[in-house]
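Asks: Sharing a structure with you now.
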Amino acid sequence: MLGNKIDYTLRESPRARRVILRVGVKGLEVVVPRRFGRRRLPEIIEAHRDWIEKELQRIQESPAVVAPHSINLLSFSNTWEVDYQSLASSNDRFSVKEDAAKGILPDRLLVKGDVDDVPGVSLVLIEWLHGKAHAHLVPWLKEISQEVAIPFQKATVRGQATRWASCSQSGNISLNRSLLFLPARLVRHVFLHELCHIREANHAPGFWKHLSRFEPEFKGFESEVKKADGYVPDWVSLR
């Protein structure tokens, strides 16, 4: 017997290869490939009802998240103070303007739009964060790659939910934009870890031997990285 209807928003994506269910502060979002038979959606959603309802309940019971007034990017010791300007007629449009300070003053960001819409503010700041990650993390990875003489094919920036980075069998490295919030020593360790996966795909003894050549204290860093979620502010997890 079917339960109560679960409301959702539907989005078609040309890059999607399957149906993706995402639960966030705005509810359930269903992402489908082009030309997907949408009559199948009720059945798919019903099959995942328990998980969806648990996630919706978890978000409802979570402490309220507020828009940030400062963003501290520990990876390269950069702090941004965030100012907000409310635009009643913004039509859900937001803009972010940088004002890079000179001297000892902090850099500033000005966010314009419906600033009471915390998820909307979060999304526009995540887009800004994504750009910063691509500008800073990718060149940094290239430097470390040259330092240890382990080349990679391509680097991309994503918003992974459970990984700081990953390395494909073809030598492509994907970096989590939230690495920007981690101390530089941990970011460097993540880079070394993924570069060593180009030499050894799994975590066999040979992998740790490679990593120990570049990072003798790797065990301590591995332990720190596993607990590094605390560096990432709550607003970054909003969808």
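Chain identifiers are assigned as A, B, and so on, following the order in which chains appear in the structure tokens; residues are numbered from 1 within each chain, and ligands are numbered from 1 in order of appearance.
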Identify, on the basis of only C-alpha atoms, every residue whose closest approach to segment 27-40 of chain A does not exceed 10 Å; exclude the query and any residue fewer than 4 positions from it along the same chain; express the result as a compact mmCIF listing (two decimals) with C-alpha atoms, in the first residue's frame.

Replies:
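part-v7.txt written:
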# COMPACT_ATOMS: atom_id res chain seq x y z
CA ILE A 6 5.99 12.87 -1.51
CA ASP A 7 6.30 16.27 -3.17
CA TYR A 8 9.37 16.93 -5.30
CA THR A 9 10.85 19.23 -7.90
CA LEU A 10 11.92 17.77 -11.23
CA ARG A 11 15.02 18.74 -13.19
CA GLU A 12 16.21 17.34 -16.51
CA SER A 13 19.96 17.09 -16.98
CA PRO A 14 21.76 16.23 -20.24
CA ARG A 15 24.65 14.81 -18.18
CA ALA A 16 22.52 12.49 -16.04
CA ARG A 17 22.77 8.79 -16.89
CA ARG A 18 20.21 7.65 -14.32
CA VAL A 19 17.60 9.04 -11.96
CA ILE A 20 19.19 10.93 -9.05
CA LEU A 21 17.32 11.69 -5.83
CA ARG A 22 18.60 14.62 -3.77
CA VAL A 23 17.15 15.68 -0.43
CA ILE A 44 11.16 4.89 -8.10
CA ILE A 45 10.30 7.40 -5.39
CA ILE A 52 13.68 10.03 1.62
CA GLU A 53 11.49 10.41 4.70
CA GLU A 55 16.49 12.51 5.24
CA LEU A 56 13.60 14.99 5.26
CA ILE A 59 16.96 18.12 7.87
CA GLN A 60 13.81 19.33 9.61
CA ARG A 239 21.39 22.29 -1.34

Asks: Write out as a PyMOL selection string which residues come within 8 Å of segment 216-221 of chain A when counting only C-alpha atoms, dropping same-chain ones fewer than 4 positions away.

Replies: chain A and resi 186+189+211-212+225

Asks: Which value, in Å to one decimal, gives the distance between atom CA of Glu46 of chain A and atom CA of Thr162 of chain A?

Replies: 25.2 Å

Asks: Restricting the calculation to only C-alpha atoms: of A:Ser166, A:Gln146, A:Trp51, A:Lys97, which residue gets closest to Trp128 of chain A?

Replies: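 Closest to Trp128 of chain A, using only C-alpha atoms: A:Lys97.
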
Asks: Which residue, A:Thr79, A:Ser122, A:Ser145, A:Ser237, has the smallest gap to Ser178 of chain A when you use only C-alpha atoms?

Replies: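 Closest candidate: A:Ser237.
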
Asks: DSSP says strand (DSSP E) for which residues of segment 103-188 of chain A? Put them as a list in words?

Replies: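 Everything in segment 103-188 of chain A that counts as strand (DSSP E) is Asp107, Arg108, Leu109, Leu110, Val111, Lys112, Gly113, Lys154, Ala155, Thr156, Val157, Arg158, Ala165, Ser166, Cys167, Asn172, Ile173, Ser174, Leu175 and Asn176 of chain A.
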
Asks: Save out the residues we just selected, C-alpha atoms, as a short mmCIF file (atom, residue, chain, number, x, y, z; two decimals), in the first residue's frame.

Replies:
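Result file is result-v1.cif:
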data_model
loop_
_atom_site.label_atom_id
_atom_site.label_comp_id
_atom_site.auth_asym_id
_atom_site.auth_seq_id
_atom_site.Cartn_x
_atom_site.Cartn_y
_atom_site.Cartn_z
CA ASP A 107 38.81 41.05 1.78
CA ARG A 108 35.06 41.64 1.44
CA LEU A 109 32.18 40.07 -0.44
CA LEU A 110 28.91 41.84 -1.18
CA VAL A 111 25.92 39.56 -1.73
CA LYS A 112 22.86 41.19 -3.31
CA GLY A 113 19.41 39.59 -3.56
CA LYS A 154 43.33 16.26 -15.73
CA ALA A 155 42.04 17.93 -12.57
CA THR A 156 38.44 18.92 -11.91
CA VAL A 157 36.63 20.54 -8.97
CA ARG A 158 33.39 19.11 -7.60
CA ALA A 165 39.31 13.92 -3.61
CA SER A 166 39.46 10.93 -5.92
CA CYS A 167 41.69 9.57 -8.68
CA ASN A 172 42.19 12.15 -13.64
CA ILE A 173 41.95 13.75 -10.20
CA SER A 174 38.74 15.24 -8.79
CA LEU A 175 39.06 17.73 -5.94
CA ASN A 176 36.41 18.70 -3.41
#

Asks: Return the single residue from A:Leu74, A:Ala201, A:Ala67, A:Val148 that is closest to Arg185 of chain A, with distances computed using only C-alpha atoms.

Replies: A:Leu74

Asks: Go through A:Phe76, A:Trp164, A:Phe152, A:Trp208 one by one, measure the shortest atom-to-atom distance of each to Ala184 of chain A using only C-alpha atoms, and give the residue with the smallest value.

Replies: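 Residue with the minimum atom-to-atom distance to Ala184 of chain A: A:Phe76.
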
Asks: Just checking: using only C-alpha atoms, which residue out of A:Ala204, A:Leu182, A:Ala161, A:Leu87 ends up closest to Asp116 of chain A?

Replies: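 Closest candidate: A:Leu87.
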
Asks: Neighbouring residues of Pro233 of chain A were defined as those with any atom within 9 Å, considering only C-alpha atoms; residues of the same chain fewer than 6 positions away were excluded. Please report them as a list in words.

Replies: Pro68, Ile71 and Phe181 of chain A

Asks: Measuring between only C-alpha atoms, which one of A:Val236, A:Arg177, A:Lys227, A:Pro151 shows the shortest distance to Gly131 of chain A?

Replies: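 Smallest separation from Gly131 of chain A among the options: A:Arg177.
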
Asks: So the first atom is atom CA of Trp140 of chain A and the second is atom CA of Asn78 of chain A; what is the distance between them in Å, to one decimal place?

Replies: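 Going from atom CA of Trp140 of chain A over to atom CA of Asn78 of chain A covers 15.2 Å.
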